[in-house]
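Have a look at the structure below before the remarks.
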Amino acid sequence: MLRKEEKKDRNNSGVLKALNHRAAGRMAAPRVELQEVVSSRKMALLHDPEIVSPHKCSITDLDINSDSFQDGRYLLAGSLDCTISVYDLSYFGSEYWKEKKMGLLGITRNGRHCLGESRKRARRKHIARSNRERSTLNEEAGDSIAGHRFSVQSVQWYPVDTGMFISLDKSGVVNLWDTNEFQVVDSFTALSASRMGTARTSRIECAVLPKKYNSKHMLVACGCGNEGKIKLCDIISGSFSHELIGHQIGKNINSLAWSPGD
């Protein structure tokens with residue numbers, strides 16, 4: 001009988017050997033009992049932080065900031081209910097800290113504490129949430145955009161800092177947000193020329209920013225549906241600077257990613 005530690009090391013070496021064979025292009029990789037490896041490394045859910053979602057519908061996309069100043073502190077969530085919420089994953093975003101700051105700790109309800117101290121230290125409620133844009137919004141009168149009119153498809157932080165993020169809804173509208181005010185400062189869609197020479201809207205299926213905070217550019221790559229084109233939008237000017245052609249016309253571009261070493 002092998003000891004537990006020796007069995008775990010043997011399983012780990014087997015996984016590494018299989019991965020090395022796969023990376024070298026050897027299809028006949030040694031067989032590994034993955035069930036034993038998984039059982040030797042028991043996985044469990046992280047109970048701190050505990051996210052308390054205000055959304056009534058399913059979450060469609062998540063993103064955690066990765067800038068050099070506050071790496072991994074803020075969580076961005078998009079939902080089918082057309083709204084976006086932000087969470088502070090640090091201690092300062094906990095329910096315990098908020099009640100302590102407001103002097104509400106120790107207050108009981110019917111002689112009983114509402115939640116234990118450990119539970120309050122783990123709970124994270126949203127610190128900001130957008131509103132759904134209604135169809136009655138008078139855009140000609142210059143009203144500000146409250147949010148998305150359709151379900152949110154993807155969200156992503158600006159890689160330099162958390163003062164800005166982008167979001168894409170199902171209709172193909174990309175919104176540029178000011179996080180501090182939690183308002184839309186700019187919005188754009190993809191326009192293309194039709195056979196009749198007039199401009200028509202091409203729905204954006206996906207939109208991504210570079211992940212590196214020290215990237216040489218901050219272009220939003222947009223995959224346009226049914227065109228087989230990728231358009232690069234400059235968020236400073238709000239115009240498309242490049243158009244990349246390579247995919248088959250009539251096929252949607254559902255996913256994009258910038259190279260991590262650009």
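Each chain of the structure tokens is named A, B, ... in the order shown, its residues numbered from 1; ligands are numbered from 1 in display order.
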
- Item | A:Cys222 surroundings by only C-alpha atoms, 9 Å radius, close-in-sequence under 2 positions cut, as a list in words |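 So the residues in contact are Ala190, Ile204, Glu205, Cys206, Ala207, Val208, Val220, Cys224, Lys229, Ile230, Lys231, Leu232, Cys233, Ile253 and Leu256 of chain A.
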
- Which is closer to A:Ser79 than all the others in A:Lys125, A:Asp186, A:His148, A:Lys120, using only C-alpha atoms? A:His148

- Task: Excluding A:Thr60 and any residue of its chain fewer than 5 positions from it, enumerate the residues within 7 Å of it, using only C-alpha atoms, and give them as an MDAnalysis selection string.
- Result: chainID A and resid 78:80 152:154

- Task: Mind checking which residues fall within 10 Å of A:Arg129, counting only C-alpha atoms, ignoring those fewer than 6 positions away in the same chain, and posting them as a VMD selection string?
- Result: chain A and resid 54 to 55 76 to 78 83 to 87 147 182

- Residues at most 12 Å from A:Asn180, counting only C-alpha atoms, excluding those fewer than 2 positions away in the same chain, as a list in words? Val86, Ile127, Ala128, Arg129, Asp161, Thr162, Gly163, Met164, Phe165, Trp177, Asp178, Phe182, Gln183, Val184 and Val185 of chain A

Those same residues - all heavy atoms - I'd like them written as a compact mmCIF listing (two decimals), in the first residue's frame.
```txt
# COMPACT_ATOMS: atom_id res chain seq x y z
N VAL A 86 -21.77 46.07 -9.98
CA VAL A 86 -20.36 46.06 -9.59
C VAL A 86 -20.26 45.66 -8.12
O VAL A 86 -21.07 46.10 -7.29
CB VAL A 86 -19.70 47.43 -9.81
CG1 VAL A 86 -18.23 47.40 -9.41
CG2 VAL A 86 -19.83 47.86 -11.26
N ILE A 127 -22.22 47.47 -5.13
CA ILE A 127 -21.97 48.86 -4.76
C ILE A 127 -22.52 49.82 -5.81
O ILE A 127 -22.61 51.02 -5.57
CB ILE A 127 -20.46 49.11 -4.56
CG1 ILE A 127 -19.67 48.77 -5.83
CG2 ILE A 127 -19.94 48.30 -3.39
CD1 ILE A 127 -18.18 49.05 -5.73
N ALA A 128 -22.89 49.29 -6.97
CA ALA A 128 -23.50 50.10 -8.02
C ALA A 128 -24.24 49.18 -8.98
O ALA A 128 -23.84 48.03 -9.19
CB ALA A 128 -22.46 50.92 -8.78
N ARG A 129 -25.32 49.71 -9.56
CA ARG A 129 -26.09 48.94 -10.53
C ARG A 129 -26.73 49.90 -11.53
O ARG A 129 -27.22 50.96 -11.15
CB ARG A 129 -27.17 48.12 -9.84
CG ARG A 129 -27.91 47.16 -10.77
CD ARG A 129 -29.06 46.48 -10.06
NE ARG A 129 -29.78 45.60 -10.96
CZ ARG A 129 -30.95 45.04 -10.67
NH1 ARG A 129 -31.53 45.27 -9.50
NH2 ARG A 129 -31.55 44.25 -11.55
N ASP A 161 -7.29 51.01 -15.65
CA ASP A 161 -7.85 51.21 -14.32
C ASP A 161 -9.34 50.89 -14.35
O ASP A 161 -9.89 50.59 -15.41
CB ASP A 161 -7.62 52.65 -13.82
CG ASP A 161 -8.20 53.68 -14.77
OD1 ASP A 161 -9.41 53.61 -15.07
OD2 ASP A 161 -7.46 54.58 -15.22
N THR A 162 -9.96 50.97 -13.18
CA THR A 162 -11.38 50.61 -13.06
C THR A 162 -12.30 51.81 -13.24
O THR A 162 -13.48 51.73 -12.90
CB THR A 162 -11.64 49.97 -11.69
OG1 THR A 162 -11.18 50.86 -10.66
CG2 THR A 162 -10.93 48.64 -11.58
N GLY A 163 -11.79 52.88 -13.77
CA GLY A 163 -12.62 54.06 -13.98
C GLY A 163 -13.51 53.96 -15.20
O GLY A 163 -14.35 54.83 -15.44
N MET A 164 -13.33 52.89 -15.97
CA MET A 164 -14.10 52.76 -17.20
C MET A 164 -14.25 51.27 -17.54
O MET A 164 -13.40 50.45 -17.22
CB MET A 164 -13.40 53.50 -18.34
CG MET A 164 -14.15 53.55 -19.65
SD MET A 164 -13.41 54.75 -20.81
CE MET A 164 -11.76 54.05 -20.96
N PHE A 165 -15.36 50.93 -18.20
CA PHE A 165 -15.58 49.57 -18.70
C PHE A 165 -16.51 49.64 -19.90
O PHE A 165 -17.19 50.65 -20.14
CB PHE A 165 -16.12 48.64 -17.62
CG PHE A 165 -17.51 48.96 -17.14
CD1 PHE A 165 -18.63 48.41 -17.74
CD2 PHE A 165 -17.70 49.82 -16.07
CE1 PHE A 165 -19.91 48.70 -17.30
CE2 PHE A 165 -18.98 50.12 -15.61
CZ PHE A 165 -20.08 49.55 -16.23
N TRP A 177 -18.69 53.08 -20.35
CA TRP A 177 -19.19 53.54 -19.07
C TRP A 177 -18.14 54.30 -18.27
O TRP A 177 -16.96 53.94 -18.29
CB TRP A 177 -19.67 52.37 -18.21
CG TRP A 177 -20.84 51.62 -18.76
CD1 TRP A 177 -20.83 50.71 -19.78
CD2 TRP A 177 -22.20 51.70 -18.31
NE1 TRP A 177 -22.09 50.21 -19.99
CE2 TRP A 177 -22.96 50.80 -19.11
CE3 TRP A 177 -22.84 52.43 -17.31
CZ2 TRP A 177 -24.32 50.62 -18.93
CZ3 TRP A 177 -24.21 52.25 -17.13
CH2 TRP A 177 -24.93 51.36 -17.94
N ASP A 178 -18.59 55.34 -17.56
CA ASP A 178 -17.79 56.00 -16.54
C ASP A 178 -18.17 55.35 -15.21
O ASP A 178 -19.30 55.49 -14.73
CB ASP A 178 -18.10 57.50 -16.51
CG ASP A 178 -17.30 58.25 -15.46
OD1 ASP A 178 -16.61 57.60 -14.65
OD2 ASP A 178 -17.35 59.49 -15.44
N PHE A 182 -21.16 56.04 -12.97
CA PHE A 182 -21.94 54.90 -13.43
C PHE A 182 -22.97 55.34 -14.47
O PHE A 182 -24.17 55.06 -14.35
CB PHE A 182 -22.63 54.19 -12.27
CG PHE A 182 -22.63 52.69 -12.45
CD1 PHE A 182 -21.47 51.96 -12.30
CD2 PHE A 182 -23.77 52.01 -12.80
CE1 PHE A 182 -21.46 50.59 -12.48
CE2 PHE A 182 -23.78 50.64 -13.00
CZ PHE A 182 -22.60 49.93 -12.83
N GLN A 183 -22.44 56.00 -15.48
CA GLN A 183 -23.26 56.48 -16.59
C GLN A 183 -22.57 56.15 -17.90
O GLN A 183 -21.35 56.04 -17.98
CB GLN A 183 -23.49 57.98 -16.50
CG GLN A 183 -24.36 58.42 -15.34
CD GLN A 183 -24.59 59.92 -15.32
OE1 GLN A 183 -24.01 60.65 -16.12
NE2 GLN A 183 -25.44 60.38 -14.41
N VAL A 184 -23.37 56.02 -18.94
CA VAL A 184 -22.84 55.77 -20.28
C VAL A 184 -22.34 57.09 -20.86
O VAL A 184 -23.08 58.06 -20.95
CB VAL A 184 -23.93 55.17 -21.19
CG1 VAL A 184 -23.39 54.96 -22.60
CG2 VAL A 184 -24.43 53.86 -20.62
N VAL A 185 -21.06 57.12 -21.23
CA VAL A 185 -20.48 58.33 -21.81
C VAL A 185 -20.40 58.26 -23.32
O VAL A 185 -20.26 59.29 -23.99
CB VAL A 185 -19.08 58.60 -21.21
CG1 VAL A 185 -19.19 58.90 -19.73
CG2 VAL A 185 -18.14 57.42 -21.43
```

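All residues of protein, DNA or RNA that reach within 7 Å of A:Ser187, judged by only C-alpha atoms and not counting those fewer than 6 positions away in the chain, are Val173, Val174, Asn175 and Leu176 of chain A.
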
Saved selection, atoms kept: C-alpha atoms, as an mmCIF file, in the first residue's frame:
```cif
data_model
loop_
_atom_site.group_PDB
_atom_site.id
_atom_site.type_symbol
_atom_site.label_atom_id
_atom_site.label_comp_id
_atom_site.auth_asym_id
_atom_site.auth_seq_id
_atom_site.Cartn_x
_atom_site.Cartn_y
_atom_site.Cartn_z
ATOM 1 C CA VAL A 173 -24.820 48.132 -29.068
ATOM 2 C CA VAL A 174 -21.511 48.722 -27.262
ATOM 3 C CA ASN A 175 -21.643 51.141 -24.312
ATOM 4 C CA LEU A 176 -18.648 52.890 -22.792
#
```

- Task: Find the spatial neighbours of A:Ser215, counting only C-alpha atoms, within a cut-off of 12 Å - ignore same-chain residues fewer than 5 positions away - and output them as a VMD selection string.
- Result: chain A and resid 67 158 to 160 209 to 210 258 to 262

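In this structure, atom CA of A:Ala146 sits 25.2 Å away from atom CA of A:Leu89.
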
- Which of these residues is nearest to A:Lys211, using only C-alpha atoms: A:Asp63, A:Ser90, A:His47, A:Ser151? A:Asp63

- Task: Please measure the separation of atom CA of A:Asp169 and atom CA of A:Leu244, giving the value in Å to one decimal.
- Result: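 According to the coordinates, atom CA of A:Asp169 and atom CA of A:Leu244 are separated by 22.2 Å.
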
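One finds atom CA of A:Gln248 at 29.4 Å from atom CA of A:Lys212.
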